[in-house]
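*Asks:* Could you have a look at this structure, given as structure tokens, before my questions?
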Amino acid sequence: MNMALKPSLPFYQTTGRECELFEMAYDNGLPLLLKGPTGCGKTRFVEHMAARLGKPLYTVACHDDLSASDLIGRYLLKGGETVWVDGPLTRAVREGGICYLDEVVEARKDVTVVLHPLTDTRRTLMIDRTGEELAAPQGFMLVASYNPGYQNVLKRLKPSTRQRFLSISFSFPNFETEIAVVTKESRLEPGRVAPLVRLAGHIRNLSGMDLEEGVSTRLLIYAATLMADGMGVDQALEAAVIEPLSDEPDVQQALRDLIATIYG
């Protein structure tokens with residue numbers, strides 16, 4: 001779906017019908033799961049859609065120590081008094097906003113227990129500490145994301161959780177679209193962006209190299225931004241591509257050799 005973006009909207013280049021699906025999920029109170037590699041645009045997509053819908057957005061970067069209490073809230077000592085402070089999920093439910101759980105599989109297992117009642121017909125959030133049971137209003141939406149490439153036996157989204165969500169698979173944009181995105185975000189002219197995107201394609205298609213994942217669109221934007229600001233290509237790619245992708249000297253040298261073939 002192509003659309004004219006308002007100046008206040010975070011830039012997002014559509015690649016299919018993901019915006020339409022997001023809006024339909026929102027209109028029907030359905031949770032949405034975004035699947036795809038790091039740096040392919042999942043977070044920007046959610047930011048764009050929240051702004052487009054005019055909804056407050058609460059983003060939570062999930063990690064190993066993230067517990068249900070971090071999402072729901074807890075009692076804190078303020079000015080000598082113990083007061084209840086809502087967590088981001090509770091605030092999103094109360095306000096009818098969007099709660100985005102980035103890399104949800106990284107969170108502790110008790111988090112999914114909290115999410116289940118919000119992802120079925122109940123659409124409720126139970127706050128055990130206060131005894132409240134909040135019914136999510138029509139405007140509330142739960143969005144989560146994860147990277148399937150990083151899943152292992154210990155950290156995997158259970159089918160019982162995954163099947164509670166609509167899902168969209170994200171991947172890196174095609175050649176022309178990625179040039180447009182990097183150009184827009186970095187202000188580097190398209191003719192200089194094209195070799196960057198070509199390089200990214202080669203890195204992503206490499207096999208046998210000790211890389212957990214290919215170079216992200218985000219890193220390309222970083223490199224292009226440095227180049228637009230006057231930094232040389234080699235230095236920009238060293239800082240924005242080679243060093244972030246690997247600590248292994250052999251892999252780093254292989255990347256430098258690949259860069260040399262692209263840039264001559």
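Each chain in the structure tokens gets a letter, A, B, ..., in the order shown, and its residues are numbered from 1; ligands are numbered from 1 in order too.
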Extract, using only C-alpha atoms, all DNA, RNA and protein residues at most 12 Å from A:Glu213, discarding same-chain residues fewer than 5 positions from it, and format them as an mmCIF file with N, CA and C atoms, in the first residue's frame.

*Replies:*
data_model
loop_
_atom_site.group_PDB
_atom_site.id
_atom_site.type_symbol
_atom_site.label_atom_id
_atom_site.label_comp_id
_atom_site.auth_asym_id
_atom_site.auth_seq_id
_atom_site.Cartn_x
_atom_site.Cartn_y
_atom_site.Cartn_z
ATOM 1 N N GLY A 36 11.364 -11.447 11.880
ATOM 2 C CA GLY A 36 12.362 -11.064 10.895
ATOM 3 C C GLY A 36 13.701 -10.758 11.509
ATOM 4 N N PRO A 37 14.741 -10.622 10.670
ATOM 5 C CA PRO A 37 16.097 -10.403 11.167
ATOM 6 C C PRO A 37 16.274 -9.027 11.792
ATOM 7 N N THR A 38 17.328 -8.906 12.562
ATOM 8 C CA THR A 38 17.655 -7.641 13.211
ATOM 9 C C THR A 38 17.886 -6.549 12.181
ATOM 10 N N GLY A 39 17.320 -5.371 12.447
ATOM 11 C CA GLY A 39 17.598 -4.207 11.610
ATOM 12 C C GLY A 39 16.909 -4.186 10.273
ATOM 13 N N CYS A 40 15.810 -4.951 10.114
ATOM 14 C CA CYS A 40 15.119 -4.974 8.821
ATOM 15 C C CYS A 40 13.913 -4.033 8.789
ATOM 16 N N ASN A 147 13.245 -12.531 16.347
ATOM 17 C CA ASN A 147 14.104 -12.920 15.237
ATOM 18 C C ASN A 147 14.180 -14.440 15.197
ATOM 19 N N PRO A 148 13.496 -15.095 14.258
ATOM 20 C CA PRO A 148 13.507 -16.563 14.216
ATOM 21 C C PRO A 148 14.905 -17.149 14.077
ATOM 22 N N GLY A 149 15.836 -16.402 13.481
ATOM 23 C CA GLY A 149 17.188 -16.898 13.283
ATOM 24 C C GLY A 149 17.959 -17.087 14.566
ATOM 25 N N TYR A 150 17.520 -16.430 15.652
ATOM 26 C CA TYR A 150 18.221 -16.538 16.922
ATOM 27 C C TYR A 150 17.578 -17.538 17.871
ATOM 28 N N PHE A 172 14.824 -8.269 4.528
ATOM 29 C CA PHE A 172 15.439 -7.042 4.045
ATOM 30 C C PHE A 172 14.777 -6.610 2.735
ATOM 31 N N ALA A 200 25.785 -5.146 0.790
ATOM 32 C CA ALA A 200 24.930 -5.836 1.768
ATOM 33 C C ALA A 200 24.377 -7.128 1.194
ATOM 34 N N ILE A 203 27.067 -9.782 1.303
ATOM 35 C CA ILE A 203 27.320 -10.262 2.670
ATOM 36 C C ILE A 203 26.209 -11.192 3.123
ATOM 37 N N ARG A 204 24.971 -10.831 2.825
ATOM 38 C CA ARG A 204 23.831 -11.656 3.239
ATOM 39 C C ARG A 204 23.809 -13.009 2.533
ATOM 40 N N ASN A 205 24.382 -13.060 1.342
ATOM 41 C CA ASN A 205 24.372 -14.315 0.582
ATOM 42 C C ASN A 205 25.595 -15.183 0.839
ATOM 43 N N LEU A 206 26.523 -14.660 1.630
ATOM 44 C CA LEU A 206 27.742 -15.423 1.889
ATOM 45 C C LEU A 206 27.435 -16.668 2.705
ATOM 46 N N SER A 207 28.113 -17.725 2.407
ATOM 47 C CA SER A 207 28.017 -18.941 3.213
ATOM 48 C C SER A 207 29.415 -19.327 3.659
ATOM 49 N N GLY A 208 29.497 -19.963 4.812
ATOM 50 C CA GLY A 208 30.783 -20.414 5.311
ATOM 51 C C GLY A 208 31.507 -19.395 6.158
ATOM 52 N N VAL A 241 30.118 -1.422 9.439
ATOM 53 C CA VAL A 241 29.838 -2.750 8.903
ATOM 54 C C VAL A 241 30.792 -3.802 9.467
ATOM 55 N N PRO A 244 30.909 -3.964 13.615
ATOM 56 C CA PRO A 244 29.671 -4.474 14.225
ATOM 57 C C PRO A 244 29.361 -5.926 13.879
ATOM 58 N N LEU A 245 29.806 -6.406 12.707
ATOM 59 C CA LEU A 245 29.419 -7.751 12.272
ATOM 60 C C LEU A 245 30.248 -8.850 12.912
ATOM 61 N N SER A 246 31.507 -8.574 13.230
ATOM 62 C CA SER A 246 32.345 -9.648 13.744
ATOM 63 C C SER A 246 33.541 -9.106 14.513
#

*Asks:* Please, which residues of stretch 20-165 of chain A, numbered as in this document, come out strand (DSSP E or B) from DSSP, as an MDAnalysis selection string?

*Replies:* chainID A and resid 32:35 57:61 73:78 81:86 98:102 124:127 132:135 141:146

*Asks:* Can you pull out the residues contacting stretch 132-144 of chain A? Cut-off 7 Å, using only C-alpha atoms, and skip same-chain residues under 4 positions away; I want them as a PDB file with C-alpha atoms, in the first residue's frame.

*Replies:*
ATOM      1  CA  TYR A  26      -5.935  -2.804  15.130  1.00  0.00           C
ATOM      2  CA  GLY A  29      -8.512  -5.821  18.449  1.00  0.00           C
ATOM      3  CA  LEU A  30      -6.162  -8.583  17.293  1.00  0.00           C
ATOM      4  CA  PRO A  31      -2.555  -9.007  18.501  1.00  0.00           C
ATOM      5  CA  LEU A  32       0.213  -8.946  15.916  1.00  0.00           C
ATOM      6  CA  LEU A  33       3.585 -10.709  15.787  1.00  0.00           C
ATOM      7  CA  LEU A  34       6.418  -9.432  13.585  1.00  0.00           C
ATOM      8  CA  ALA A  92      -0.955   1.001  27.331  1.00  0.00           C
ATOM      9  CA  VAL A  93      -4.066  -0.903  28.459  1.00  0.00           C
ATOM     10  CA  GLY A  96      -5.909   2.351  24.896  1.00  0.00           C
ATOM     11  CA  GLY A  97      -2.458   2.573  23.313  1.00  0.00           C
ATOM     12  CA  ILE A  98      -0.087   0.200  21.563  1.00  0.00           C
ATOM     13  CA  CYS A  99       2.370  -1.905  23.562  1.00  0.00           C
ATOM     14  CA  TYR A 100       5.287  -3.207  21.506  1.00  0.00           C
ATOM     15  CA  LEU A 101       7.403  -6.019  22.960  1.00  0.00           C
ATOM     16  CA  ASP A 102      10.616  -6.112  20.963  1.00  0.00           C
ATOM     17  CA  VAL A 104       9.658 -11.048  23.110  1.00  0.00           C
ATOM     18  CA  ARG A 123      -8.597  -9.029  26.451  1.00  0.00           C
ATOM     19  CA  THR A 124      -7.934  -8.528  30.139  1.00  0.00           C
ATOM     20  CA  LEU A 125      -4.911  -7.726  32.268  1.00  0.00           C
ATOM     21  CA  MET A 126      -4.875  -9.031  35.829  1.00  0.00           C
ATOM     22  CA  ILE A 127      -2.857  -7.020  38.341  1.00  0.00           C
ATOM     23  CA  ASP A 128      -2.450  -9.387  41.268  1.00  0.00           C
TER      24      ASP A 128
END

*Asks:* Write out as a ChimeraX atom specification the residues lying within 9 Å of A:Ala50, counting only C-alpha atoms and excluding same-chain residues fewer than 4 positions away.

*Replies:* /A:9,45-46,54-57,97-98

*Asks:* Between atom CA of A:Val215 and atom CA of A:Phe22, what distance in Å does the model show, to one decimal?

*Replies:*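 Distance reported for this atom pair: 26.4 Å.
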
*Asks:* Neighbours of A:Thr90 within 8 Å (only C-alpha atoms; same-chain residues fewer than 5 positions away dropped), as a compact mmCIF listing (two decimals) with N, CA and C atoms, in the first residue's frame?

*Replies:*
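Result file selection.txt:
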# COMPACT_ATOMS: atom_id res chain seq x y z
N LEU A 71 6.54 -5.33 33.32
CA LEU A 71 5.51 -4.92 32.37
C LEU A 71 4.28 -4.36 33.07
N ILE A 72 3.88 -5.01 34.16
CA ILE A 72 2.62 -4.64 34.82
C ILE A 72 2.79 -3.46 35.76
N GLY A 73 3.84 -3.47 36.57
CA GLY A 73 4.07 -2.40 37.53
C GLY A 73 4.45 -2.96 38.89
N LEU A 125 -6.20 -7.73 31.60
CA LEU A 125 -4.91 -7.73 32.27
C LEU A 125 -5.17 -7.79 33.77

*Asks:* So how many Å separate atom CA of A:Phe11 and atom CA of A:Arg94, to one decimal?

*Replies:* 27.9 Å

*Asks:* Please compute the atom CA of A:Asp27-atom CA of A:Pro10 distance, one decimal, in Å.

*Replies:*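 Result for atom CA of A:Asp27 versus atom CA of A:Pro10: 21.0 Å, one decimal.
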
*Asks:* Taking only C-alpha atoms into account, which of A:Ser8, A:Thr15, A:Gln163, A:Gln252 comes nearest A:Leu53?

*Replies:* A:Ser8

*Asks:* DSSP on the backbone, then: every residue of stretch 66-191 of chain A marked helix (DSSP H, G or I), written as a PDB file with N, CA, C and O atoms, in the first residue's frame.

*Replies:*
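As a result, states.pdb now contains:
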ATOM      1  N   ALA A  68       7.308 -10.242  34.515  1.00  0.00           N
ATOM      2  CA  ALA A  68       5.939  -9.746  34.401  1.00  0.00           C
ATOM      3  C   ALA A  68       5.753  -8.456  35.180  1.00  0.00           C
ATOM      4  O   ALA A  68       5.029  -7.550  34.744  1.00  0.00           O
ATOM      5  N   SER A  69       6.409  -8.332  36.325  1.00  0.00           N
ATOM      6  CA  SER A  69       6.297  -7.107  37.129  1.00  0.00           C
ATOM      7  C   SER A  69       6.838  -5.892  36.397  1.00  0.00           C
ATOM      8  O   SER A  69       6.328  -4.780  36.558  1.00  0.00           O
ATOM      9  N   ASP A  70       7.879  -6.082  35.585  1.00  0.00           N
ATOM     10  CA  ASP A  70       8.425  -4.974  34.804  1.00  0.00           C
ATOM     11  C   ASP A  70       7.392  -4.448  33.813  1.00  0.00           C
ATOM     12  O   ASP A  70       7.379  -3.255  33.483  1.00  0.00           O
ATOM     13  N   LEU A  71       6.542  -5.329  33.318  1.00  0.00           N
ATOM     14  CA  LEU A  71       5.506  -4.919  32.366  1.00  0.00           C
ATOM     15  C   LEU A  71       4.277  -4.363  33.070  1.00  0.00           C
ATOM     16  O   LEU A  71       3.679  -3.384  32.615  1.00  0.00           O
ATOM     17  N   ILE A  72       3.882  -5.005  34.164  1.00  0.00           N
ATOM     18  CA  ILE A  72       2.623  -4.638  34.821  1.00  0.00           C
ATOM     19  C   ILE A  72       2.794  -3.459  35.760  1.00  0.00           C
ATOM     20  O   ILE A  72       1.983  -2.528  35.787  1.00  0.00           O
ATOM     21  N   PRO A  88       4.735  -0.342  31.613  1.00  0.00           N
ATOM     22  CA  PRO A  88       4.351   0.080  30.262  1.00  0.00           C
ATOM     23  C   PRO A  88       3.146  -0.668  29.699  1.00  0.00           C
ATOM     24  O   PRO A  88       2.323  -0.078  28.999  1.00  0.00           O
ATOM     25  N   LEU A  89       3.022  -1.950  29.992  1.00  0.00           N
ATOM     26  CA  LEU A  89       1.875  -2.706  29.485  1.00  0.00           C
ATOM     27  C   LEU A  89       0.589  -2.204  30.127  1.00  0.00           C
ATOM     28  O   LEU A  89      -0.432  -2.015  29.441  1.00  0.00           O
ATOM     29  N   THR A  90       0.609  -1.967  31.420  1.00  0.00           N
ATOM     30  CA  THR A  90      -0.583  -1.474  32.123  1.00  0.00           C
ATOM     31  C   THR A  90      -0.966  -0.092  31.620  1.00  0.00           C
ATOM     32  O   THR A  90      -2.158   0.204  31.422  1.00  0.00           O
ATOM     33  N   ARG A  91       0.027   0.769  31.398  1.00  0.00           N
ATOM     34  CA  ARG A  91      -0.274   2.117  30.897  1.00  0.00           C
ATOM     35  C   ARG A  91      -0.912   2.040  29.509  1.00  0.00           C
ATOM     36  O   ARG A  91      -1.860   2.779  29.207  1.00  0.00           O
ATOM     37  N   ALA A  92      -0.387   1.147  28.674  1.00  0.00           N
ATOM     38  CA  ALA A  92      -0.955   1.001  27.331  1.00  0.00           C
ATOM     39  C   ALA A  92      -2.403   0.521  27.400  1.00  0.00           C
ATOM     40  O   ALA A  92      -3.267   0.987  26.641  1.00  0.00           O
ATOM     41  N   VAL A  93      -2.692  -0.405  28.315  1.00  0.00           N
ATOM     42  CA  VAL A  93      -4.066  -0.903  28.459  1.00  0.00           C
ATOM     43  C   VAL A  93      -4.971   0.206  28.974  1.00  0.00           C
ATOM     44  O   VAL A  93      -6.075   0.414  28.449  1.00  0.00           O
ATOM     45  N   ARG A  94      -4.541   0.918  29.992  1.00  0.00           N
ATOM     46  CA  ARG A  94      -5.383   1.987  30.556  1.00  0.00           C
ATOM     47  C   ARG A  94      -5.681   3.074  29.525  1.00  0.00           C
ATOM     48  O   ARG A  94      -6.802   3.590  29.450  1.00  0.00           O
ATOM     49  N   GLU A  95      -4.662   3.421  28.725  1.00  0.00           N
ATOM     50  CA  GLU A  95      -4.806   4.529  27.779  1.00  0.00           C
ATOM     51  C   GLU A  95      -5.368   4.106  26.428  1.00  0.00           C
ATOM     52  O   GLU A  95      -5.668   4.959  25.588  1.00  0.00           O
ATOM     53  N   VAL A 104      10.439 -10.526  21.991  1.00  0.00           N
ATOM     54  CA  VAL A 104       9.658 -11.048  23.110  1.00  0.00           C
ATOM     55  C   VAL A 104      10.190 -12.374  23.639  1.00  0.00           C
ATOM     56  O   VAL A 104      10.042 -12.682  24.836  1.00  0.00           O
ATOM     57  N   VAL A 105      10.849 -13.178  22.797  1.00  0.00           N
ATOM     58  CA  VAL A 105      11.354 -14.465  23.264  1.00  0.00           C
ATOM     59  C   VAL A 105      12.478 -14.318  24.279  1.00  0.00           C
ATOM     60  O   VAL A 105      12.824 -15.282  24.975  1.00  0.00           O
ATOM     61  N   GLU A 106      13.067 -13.126  24.373  1.00  0.00           N
ATOM     62  CA  GLU A 106      14.143 -12.914  25.337  1.00  0.00           C
ATOM     63  C   GLU A 106      13.613 -12.754  26.760  1.00  0.00           C
ATOM     64  O   GLU A 106      14.368 -12.884  27.724  1.00  0.00           O
ATOM     65  N   LYS A 109       9.765 -16.451  31.235  1.00  0.00           N
ATOM     66  CA  LYS A 109       8.571 -17.216  30.873  1.00  0.00           C
ATOM     67  C   LYS A 109       7.298 -16.681  31.515  1.00  0.00           C
ATOM     68  O   LYS A 109       6.201 -16.859  30.976  1.00  0.00           O
ATOM     69  N   ASP A 110       7.409 -16.014  32.683  1.00  0.00           N
ATOM     70  CA  ASP A 110       6.197 -15.528  33.337  1.00  0.00           C
ATOM     71  C   ASP A 110       5.537 -14.398  32.554  1.00  0.00           C
ATOM     72  O   ASP A 110       4.374 -14.076  32.785  1.00  0.00           O
ATOM     73  N   VAL A 111       6.279 -13.804  31.608  1.00  0.00           N
ATOM     74  CA  VAL A 111       5.704 -12.737  30.791  1.00  0.00           C
ATOM     75  C   VAL A 111       4.590 -13.285  29.905  1.00  0.00           C
ATOM     76  O   VAL A 111       3.536 -12.647  29.745  1.00  0.00           O
ATOM     77  N   THR A 112       4.796 -14.465  29.296  1.00  0.00           N
ATOM     78  CA  THR A 112       3.773 -15.005  28.405  1.00  0.00           C
ATOM     79  C   THR A 112       2.486 -15.333  29.160  1.00  0.00           C
ATOM     80  O   THR A 112       1.394 -15.246  28.588  1.00  0.00           O
ATOM     81  N   VAL A 113       2.606 -15.677  30.430  1.00  0.00           N
ATOM     82  CA  VAL A 113       1.409 -15.946  31.234  1.00  0.00           C
ATOM     83  C   VAL A 113       0.550 -14.689  31.337  1.00  0.00           C
ATOM     84  O   VAL A 113      -0.684 -14.757  31.278  1.00  0.00           O
ATOM     85  N   VAL A 114       1.198 -13.542  31.459  1.00  0.00           N
ATOM     86  CA  VAL A 114       0.485 -12.268  31.537  1.00  0.00           C
ATOM     87  C   VAL A 114      -0.152 -11.910  30.203  1.00  0.00           C
ATOM     88  O   VAL A 114      -1.256 -11.353  30.144  1.00  0.00           O
ATOM     89  N   LEU A 115       0.541 -12.262  29.107  1.00  0.00           N
ATOM     90  CA  LEU A 115       0.071 -11.852  27.784  1.00  0.00           C
ATOM     91  C   LEU A 115      -1.125 -12.663  27.302  1.00  0.00           C
ATOM     92  O   LEU A 115      -1.968 -12.141  26.552  1.00  0.00           O
ATOM     93  N   HIS A 116      -1.223 -13.915  27.699  1.00  0.00           N
ATOM     94  CA  HIS A 116      -2.275 -14.784  27.163  1.00  0.00           C
ATOM     95  C   HIS A 116      -3.687 -14.219  27.311  1.00  0.00           C
ATOM     96  O   HIS A 116      -4.455 -14.238  26.343  1.00  0.00           O
ATOM     97  N   PRO A 117      -4.085 -13.705  28.477  1.00  0.00           N
ATOM     98  CA  PRO A 117      -5.453 -13.172  28.581  1.00  0.00           C
ATOM     99  C   PRO A 117      -5.682 -11.931  27.717  1.00  0.00           C
ATOM    100  O   PRO A 117      -6.832 -11.589  27.416  1.00  0.00           O
ATOM    101  N   LEU A 118      -4.591 -11.255  27.319  1.00  0.00           N
ATOM    102  CA  LEU A 118      -4.728 -10.079  26.457  1.00  0.00           C
ATOM    103  C   LEU A 118      -4.795 -10.445  24.987  1.00  0.00           C
ATOM    104  O   LEU A 118      -5.115  -9.602  24.147  1.00  0.00           O
ATOM    105  N   PRO A 148      13.496 -15.095  14.258  1.00  0.00           N
ATOM    106  CA  PRO A 148      13.507 -16.563  14.216  1.00  0.00           C
ATOM    107  C   PRO A 148      14.905 -17.149  14.077  1.00  0.00           C
ATOM    108  O   PRO A 148      15.164 -18.264  14.532  1.00  0.00           O
ATOM    109  N   GLY A 149      15.836 -16.402  13.481  1.00  0.00           N
ATOM    110  CA  GLY A 149      17.188 -16.898  13.283  1.00  0.00           C
ATOM    111  C   GLY A 149      17.959 -17.087  14.566  1.00  0.00           C
ATOM    112  O   GLY A 149      18.964 -17.798  14.594  1.00  0.00           O
ATOM    113  N   TYR A 150      17.520 -16.430  15.652  1.00  0.00           N
ATOM    114  CA  TYR A 150      18.221 -16.538  16.922  1.00  0.00           C
ATOM    115  C   TYR A 150      17.578 -17.538  17.871  1.00  0.00           C
ATOM    116  O   TYR A 150      18.016 -17.694  18.994  1.00  0.00           O
ATOM    117  N   PRO A 159       4.238 -22.720  20.586  1.00  0.00           N
ATOM    118  CA  PRO A 159       3.081 -22.681  19.686  1.00  0.00           C
ATOM    119  C   PRO A 159       1.829 -22.129  20.365  1.00  0.00           C
ATOM    120  O   PRO A 159       1.026 -21.454  19.731  1.00  0.00           O
ATOM    121  N   SER A 160       1.651 -22.426  21.647  1.00  0.00           N
ATOM    122  CA  SER A 160       0.467 -21.940  22.365  1.00  0.00           C
ATOM    123  C   SER A 160       0.443 -20.424  22.453  1.00  0.00           C
ATOM    124  O   SER A 160      -0.631 -19.821  22.557  1.00  0.00           O
ATOM    125  N   THR A 161       1.622 -19.801  22.405  1.00  0.00           N
ATOM    126  CA  THR A 161       1.706 -18.339  22.387  1.00  0.00           C
ATOM    127  C   THR A 161       1.669 -17.819  20.961  1.00  0.00           C
ATOM    128  O   THR A 161       0.930 -16.889  20.641  1.00  0.00           O
ATOM    129  N   ARG A 162       2.450 -18.433  20.076  1.00  0.00           N
ATOM    130  CA  ARG A 162       2.550 -17.955  18.700  1.00  0.00           C
ATOM    131  C   ARG A 162       1.205 -17.982  17.994  1.00  0.00           C
ATOM    132  O   ARG A 162       0.889 -17.095  17.193  1.00  0.00           O
ATOM    133  N   PHE A 175      16.502  -4.564  -3.741  1.00  0.00           N
ATOM    134  CA  PHE A 175      17.607  -3.645  -4.051  1.00  0.00           C
ATOM    135  C   PHE A 175      17.138  -2.196  -4.186  1.00  0.00           C
ATOM    136  O   PHE A 175      17.672  -1.290  -3.536  1.00  0.00           O
ATOM    137  N   GLU A 176      16.133  -1.961  -5.008  1.00  0.00           N
ATOM    138  CA  GLU A 176      15.674  -0.590  -5.253  1.00  0.00           C
ATOM    139  C   GLU A 176      15.065   0.035  -4.000  1.00  0.00           C
ATOM    140  O   GLU A 176      15.299   1.212  -3.702  1.00  0.00           O
ATOM    141  N   THR A 177      14.277  -0.759  -3.277  1.00  0.00           N
ATOM    142  CA  THR A 177      13.636  -0.232  -2.074  1.00  0.00           C
ATOM    143  C   THR A 177      14.668   0.111  -1.004  1.00  0.00           C
ATOM    144  O   THR A 177      14.566   1.149  -0.334  1.00  0.00           O
ATOM    145  N   GLU A 178      15.683  -0.744  -0.859  1.00  0.00           N
ATOM    146  CA  GLU A 178      16.693  -0.475   0.165  1.00  0.00           C
ATOM    147  C   GLU A 178      17.498   0.773  -0.184  1.00  0.00           C
ATOM    148  O   GLU A 178      17.861   1.549   0.703  1.00  0.00           O
ATOM    149  N   ILE A 179      17.765   0.989  -1.445  1.00  0.00           N
ATOM    150  CA  ILE A 179      18.436   2.230  -1.859  1.00  0.00           C
ATOM    151  C   ILE A 179      17.596   3.432  -1.459  1.00  0.00           C
ATOM    152  O   ILE A 179      18.104   4.421  -0.910  1.00  0.00           O
ATOM    153  N   ALA A 180      16.289   3.350  -1.719  1.00  0.00           N
ATOM    154  CA  ALA A 180      15.402   4.461  -1.379  1.00  0.00           C
ATOM    155  C   ALA A 180      15.379   4.726   0.120  1.00  0.00           C
ATOM    156  O   ALA A 180      15.403   5.877   0.570  1.00  0.00           O
ATOM    157  N   VAL A 181      15.338   3.657   0.919  1.00  0.00           N
ATOM    158  CA  VAL A 181      15.296   3.800   2.375  1.00  0.00           C
ATOM    159  C   VAL A 181      16.586   4.422   2.894  1.00  0.00           C
ATOM    160  O   VAL A 181      16.564   5.372   3.679  1.00  0.00           O
ATOM    161  N   VAL A 182      17.721   3.879   2.477  1.00  0.00           N
ATOM    162  CA  VAL A 182      19.012   4.380   2.964  1.00  0.00           C
ATOM    163  C   VAL A 182      19.228   5.824   2.514  1.00  0.00           C
ATOM    164  O   VAL A 182      19.732   6.660   3.273  1.00  0.00           O
ATOM    165  N   THR A 183      18.842   6.136   1.272  1.00  0.00           N
ATOM    166  CA  THR A 183      18.964   7.504   0.775  1.00  0.00           C
ATOM    167  C   THR A 183      18.137   8.472   1.613  1.00  0.00           C
ATOM    168  O   THR A 183      18.616   9.544   2.015  1.00  0.00           O
ATOM    169  N   LYS A 184      16.908   8.095   1.891  1.00  0.00           N
ATOM    170  CA  LYS A 184      16.003   8.953   2.670  1.00  0.00           C
ATOM    171  C   LYS A 184      16.538   9.177   4.076  1.00  0.00           C
ATOM    172  O   LYS A 184      16.515  10.297   4.594  1.00  0.00           O
ATOM    173  N   GLU A 185      17.034   8.126   4.706  1.00  0.00           N
ATOM    174  CA  GLU A 185      17.446   8.210   6.102  1.00  0.00           C
ATOM    175  C   GLU A 185      18.816   8.852   6.286  1.00  0.00           C
ATOM    176  O   GLU A 185      19.093   9.419   7.346  1.00  0.00           O
ATOM    177  N   SER A 186      19.665   8.768   5.290  1.00  0.00           N
ATOM    178  CA  SER A 186      21.049   9.239   5.446  1.00  0.00           C
ATOM    179  C   SER A 186      21.371  10.525   4.699  1.00  0.00           C
ATOM    180  O   SER A 186      22.373  11.167   4.977  1.00  0.00           O
ATOM    181  N   PRO A 190      21.671   8.650  -4.136  1.00  0.00           N
ATOM    182  CA  PRO A 190      21.423   7.259  -4.522  1.00  0.00           C
ATOM    183  C   PRO A 190      22.603   6.586  -5.214  1.00  0.00           C
ATOM    184  O   PRO A 190      22.840   5.393  -5.019  1.00  0.00           O
ATOM    185  N   GLY A 191      23.337   7.344  -6.039  1.00  0.00           N
ATOM    186  CA  GLY A 191      24.473   6.754  -6.739  1.00  0.00           C
ATOM    187  C   GLY A 191      25.555   6.244  -5.809  1.00  0.00           C
ATOM    188  O   GLY A 191      26.275   5.296  -6.145  1.00  0.00           O
TER     189      GLY A 191
END

*Asks:* Need to verify the contact set: A:Ile262, 8 Å, only C-alpha atoms, exclusion of same-chain residues closer than 5 positions in sequence. Can you return it as a PyMOL selection string?

*Replies:* chain A and resi 195+198-199

*Asks:* Would you mind exporting N, CA and C atoms of the selected residues as a tab-separated table (two decimals), in the first residue's frame?

*Replies:*
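Saved result, selection_21.tsv, follows:
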chain	number	residue	atom	x	y	z
A	195	PRO	N	26.20	1.12	-4.22
A	195	PRO	CA	27.25	0.14	-3.89
A	195	PRO	C	27.13	-0.41	-2.47
A	198	ARG	N	24.52	-3.05	-2.67
A	198	ARG	CA	25.08	-4.21	-3.38
A	198	ARG	C	26.00	-5.01	-2.46
A	199	LEU	N	26.80	-4.29	-1.68
A	199	LEU	CA	27.68	-4.95	-0.71
A	199	LEU	C	26.86	-5.75	0.30
